[in-house]
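*Asks:* Let me give you the structure first, and then I'll get to my questions.
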Amino acid sequence: MASPMNGGDGTHSYSKNSTLQRCGLSAVEDAIKEAVMQNVETDKLLCGSTRFAIADLGCSVGPNTFHAVETIIEAVQHKSSTNNLEFQVLFNDQIGNDFNTLFASLPQERNYFAAAVAGSFYGRLFPSSSIHIAYSSGALHWLSKLPEGLKVKDSPAWNAGRIHYSGASDAVVKAYAEQLEEDLENFLRCRAQEIVGGGMIVILVGGVSHANVQHRSTVLFTFVEAILIDMVKEGVLAQEVVDSFNIPIVYACINDVRRIVEKNGCFEIVKMEMVEPVDIATAETNVVMHLRAAMEGTLIDHFGEEITEQVLVRAMRLPTHMMVDAAHGGGIFALLKRK
Ligand code: SAH
C-alpha cells in the first residue's frame, strides 16, 4: 500500500515537488479535451439532472489535481448544450493523504462543489452509476499491497539484496505482475459499477511499451538500492532489513493493461497509447526532491526517520544526468468509455 505523498506546502512537500507529474498532464491535456468533447454526451449521461460528477482518483494535495479538473470541466462545458450544469468534484486519495492542505489551497474562483472521498480506489468508493468522468494520474502504478511472496523469507520471491523487480529473479517479477493484474481487475470492476453508461475514465500512469523494457524511473530505485547496500556494508543497516524492503510500484506494460481492460469487458478502449512528458525544465527540476516528496513516507514506514534521512542525503549526491534521464520515463495514456 502506498504511503501518502508528503503533505503541507513546505520544502519537501508534494505540492512544491510535483511539476514532473504536471508535465505528464500537459502532454495529454489537448487529447483529454478532445476525447471528452467527442465522447461525452452530457444530455444522454445526465437524463435531465444537472449534476455532473467528476472523480480524481489519487489526487494527492494539489496543485496538479486542480489543473486536471479544470481541463475536464472546460471540455464538458464546451460540449454541453446548456449552461446550467452543476459540477461536483470528488477528490479521492488514501485516508493518510493531507486533505487539509488540499482543501486549504482549492482555487477561490472555482465553478465546482468540492468533496473528499477517502479510501483505496482498489475498492468501492462511490454509489452505483453516480460518476460521469473519473480521472487518475500518476497513481495506478502504486500496488494495493506488496505481493505476499516478497514478505516470506523462504519463498522463491524473497527479494534478497534488492528493493524492486528491476534486475530481480523471475519469481519476483511474476509476483509483482500478478499483484498488478489483481489490482487493475479490482479497479476496473469497481469503476464499472460506479461510472454511468457512456461515462469515461481517463488514466495517466507510468508504464512501458514492451514487457522486457525497464521504465526509466526504475533507475532511481536501483540507486536507492545501491545506497542501502552500501549502508549494510558500512554496518549502519542489517542485511535483512534491506532484504525485506520492497517498493510497491509496478510500471505496467501497455499490452497488459489493454488485455486486462478487455478481460473486464465493461469499457470500450477509446485510446491506449504511450506518451512522453513534455516541457520538463531539466536544469531546474530537482528529481531527488520529487523522489523524496513521493517516497519518503514509504521509506520511513520501513526504515524509520533517521535511516531515511541518511538515504535521502546520500541520494542528493547522485549524478544529475541520471536523474534527468529518470524524469523522462514515459507513461500510458488511456481513455475508456463505460459501455
Ligand atoms: N494525481 C496527482 C497525484 C499523484 S501522486 C498528480 O498527478 O500529481 C499519487 C497519489 O496516489 C498519492 O497521493 C497516493 O496516496 C495515491 N494513491 C496511491 N494508491 C492509492 C489507492 N489505492 N487509493 C487511493 N489513492 C492512492
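Every chain in the C-alpha cells takes a letter, A first, then B, and so on in the order presented; its residues are numbered from 1, and the ligands are numbered from 1 following the presented order.
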Ligand 1: which residues are within 7 Å, counting only C-alpha atoms and all ligand atoms? Reply as a PyMOL selection string.
*Replies:* chain A and resi 1-5+18+21-22+57-62+64-65+92-94+97+119-122+136-140+142-144+294
*Asks:* Quick one: contact table of stretch 205-263 of chain A to stretch 145-149 of chain A, 10 Å max, nearest atom pair and distance in Å to one decimal per residue, counting only C-alpha atoms, chain and number order, as a Markdown table?
*Replies:*
```
| residue | atom | partner | partner_atom | distance |
| --- | --- | --- | --- | --- |
| A:Phe245 | CA | A:Leu146 | CA | 9.7 |
| A:Asn246 | CA | A:Leu146 | CA | 7.5 |
| A:Ile247 | CA | A:Leu146 | CA | 7.8 |
| A:Pro248 | CA | A:Leu146 | CA | 5.4 |
| A:Ile249 | CA | A:Leu146 | CA | 8.6 |
```
*Asks:* Kindly save the residues from that selection, with N, CA, C and O atoms included, as a short mmCIF file (atom, residue, chain, number, x, y, z; two decimals), in the first residue's frame.
*Replies:*
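And here is the file that came out, out11.cif:
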```cif
data_model
loop_
_atom_site.label_atom_id
_atom_site.label_comp_id
_atom_site.auth_asym_id
_atom_site.auth_seq_id
_atom_site.Cartn_x
_atom_site.Cartn_y
_atom_site.Cartn_z
N PHE A 245 12.63 -5.15 2.41
CA PHE A 245 12.03 -3.91 1.90
C PHE A 245 11.83 -4.00 0.40
O PHE A 245 12.75 -4.36 -0.35
N ASN A 246 10.63 -3.69 -0.06
CA ASN A 246 10.35 -3.67 -1.50
C ASN A 246 9.40 -2.53 -1.82
O ASN A 246 8.46 -2.26 -1.06
N ILE A 247 9.66 -1.88 -2.92
CA ILE A 247 8.82 -0.75 -3.31
C ILE A 247 7.56 -1.26 -4.02
O ILE A 247 7.66 -1.99 -5.00
N PRO A 248 6.38 -0.88 -3.50
CA PRO A 248 5.13 -1.43 -4.05
C PRO A 248 4.66 -0.72 -5.32
O PRO A 248 3.54 -0.22 -5.39
N ILE A 249 5.55 -0.67 -6.31
CA ILE A 249 5.21 0.05 -7.55
C ILE A 249 5.48 -0.88 -8.73
O ILE A 249 6.51 -1.55 -8.78
#
```
*Asks:* Given only C-alpha atoms as the basis, pick out the residue of A:Lys263, A:His132, A:Lys271, A:His210 nearest to A:Lys44.
*Replies:*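 Among the listed residues, A:His132 lies closest to A:Lys44.
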*Asks:* As a JSON list (two decimals) with C-alpha atoms, in the first residue's frame, list the residues of stretch 210-302 of chain A assigned to helix (DSSP H, G or I) by DSSP on the backbone atoms of this structure.
*Replies:*
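Listed below is the output, out_1.json:
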```json
[["chain", "number", "residue", "atom", "x", "y", "z"],
["A", 218, "THR", "CA", 13.42, 2.29, -12.01],
["A", 219, "VAL", "CA", 16.93, 3.76, -12.36],
["A", 220, "LEU", "CA", 16.12, 5.79, -9.25],
["A", 221, "PHE", "CA", 15.14, 2.66, -7.33],
["A", 222, "THR", "CA", 18.38, 0.97, -8.37],
["A", 223, "PHE", "CA", 20.27, 3.96, -6.95],
["A", 224, "VAL", "CA", 18.41, 3.84, -3.68],
["A", 225, "GLU", "CA", 19.11, 0.08, -3.61],
["A", 226, "ALA", "CA", 22.84, 0.72, -4.06],
["A", 227, "ILE", "CA", 22.79, 3.29, -1.26],
["A", 228, "LEU", "CA", 21.09, 0.80, 1.08],
["A", 229, "ILE", "CA", 23.59, -1.94, 0.21],
["A", 230, "ASP", "CA", 26.44, 0.50, 0.96],
["A", 231, "MET", "CA", 24.86, 1.20, 4.33],
["A", 232, "VAL", "CA", 24.71, -2.55, 5.03],
["A", 233, "LYS", "CA", 28.42, -2.85, 4.16],
["A", 239, "GLN", "CA", 21.06, -7.00, 5.60],
["A", 240, "GLU", "CA", 17.67, -8.47, 6.45],
["A", 241, "VAL", "CA", 16.07, -5.03, 6.82],
["A", 242, "VAL", "CA", 17.03, -4.32, 3.21],
["A", 243, "ASP", "CA", 16.05, -7.80, 2.01],
["A", 254, "ILE", "CA", 0.70, -1.22, -22.19],
["A", 255, "ASN", "CA", -0.30, -4.56, -23.73],
["A", 256, "ASP", "CA", -1.06, -6.00, -20.30],
["A", 257, "VAL", "CA", -3.24, -3.00, -19.46],
["A", 258, "ARG", "CA", -5.10, -3.43, -22.76],
["A", 259, "ARG", "CA", -5.58, -7.15, -22.09],
["A", 260, "ILE", "CA", -6.89, -6.56, -18.56],
["A", 261, "VAL", "CA", -9.35, -3.90, -19.76],
["A", 262, "GLU", "CA", -10.60, -6.26, -22.49],
["A", 263, "LYS", "CA", -10.94, -9.10, -19.99],
["A", 264, "ASN", "CA", -13.06, -6.87, -17.75],
["A", 287, "VAL", "CA", 14.38, 14.90, -9.33],
["A", 288, "VAL", "CA", 15.62, 13.81, -5.91],
["A", 289, "MET", "CA", 13.23, 16.31, -4.35],
["A", 290, "HIS", "CA", 10.43, 14.69, -6.36],
["A", 291, "LEU", "CA", 11.59, 11.26, -5.26],
["A", 292, "ARG", "CA", 11.62, 12.47, -1.68],
["A", 293, "ALA", "CA", 8.13, 14.02, -1.82],
["A", 294, "ALA", "CA", 6.72, 10.80, -3.24],
["A", 295, "MET", "CA", 8.75, 8.10, -1.48],
["A", 296, "GLU", "CA", 9.79, 9.47, 1.91],
["A", 297, "GLY", "CA", 6.70, 8.02, 3.63],
["A", 298, "THR", "CA", 7.33, 4.55, 2.18],
["A", 299, "LEU", "CA", 10.97, 4.63, 3.33],
["A", 300, "ILE", "CA", 10.10, 5.91, 6.82],
["A", 301, "ASP", "CA", 7.48, 3.18, 7.29],
["A", 302, "HIS", "CA", 10.17, 0.55, 6.87]]
```
*Asks:* Any idea what the distance is between atom CA of A:Arg162 and atom CA of A:Gln179?
*Replies:*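 Between atom CA of A:Arg162 and atom CA of A:Gln179 the gap is 18.0 Å.
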*Asks:* Distance atom CA of A:Gln310-atom CA of A:Glu234, one decimal place?
*Replies:* 12.7 Å
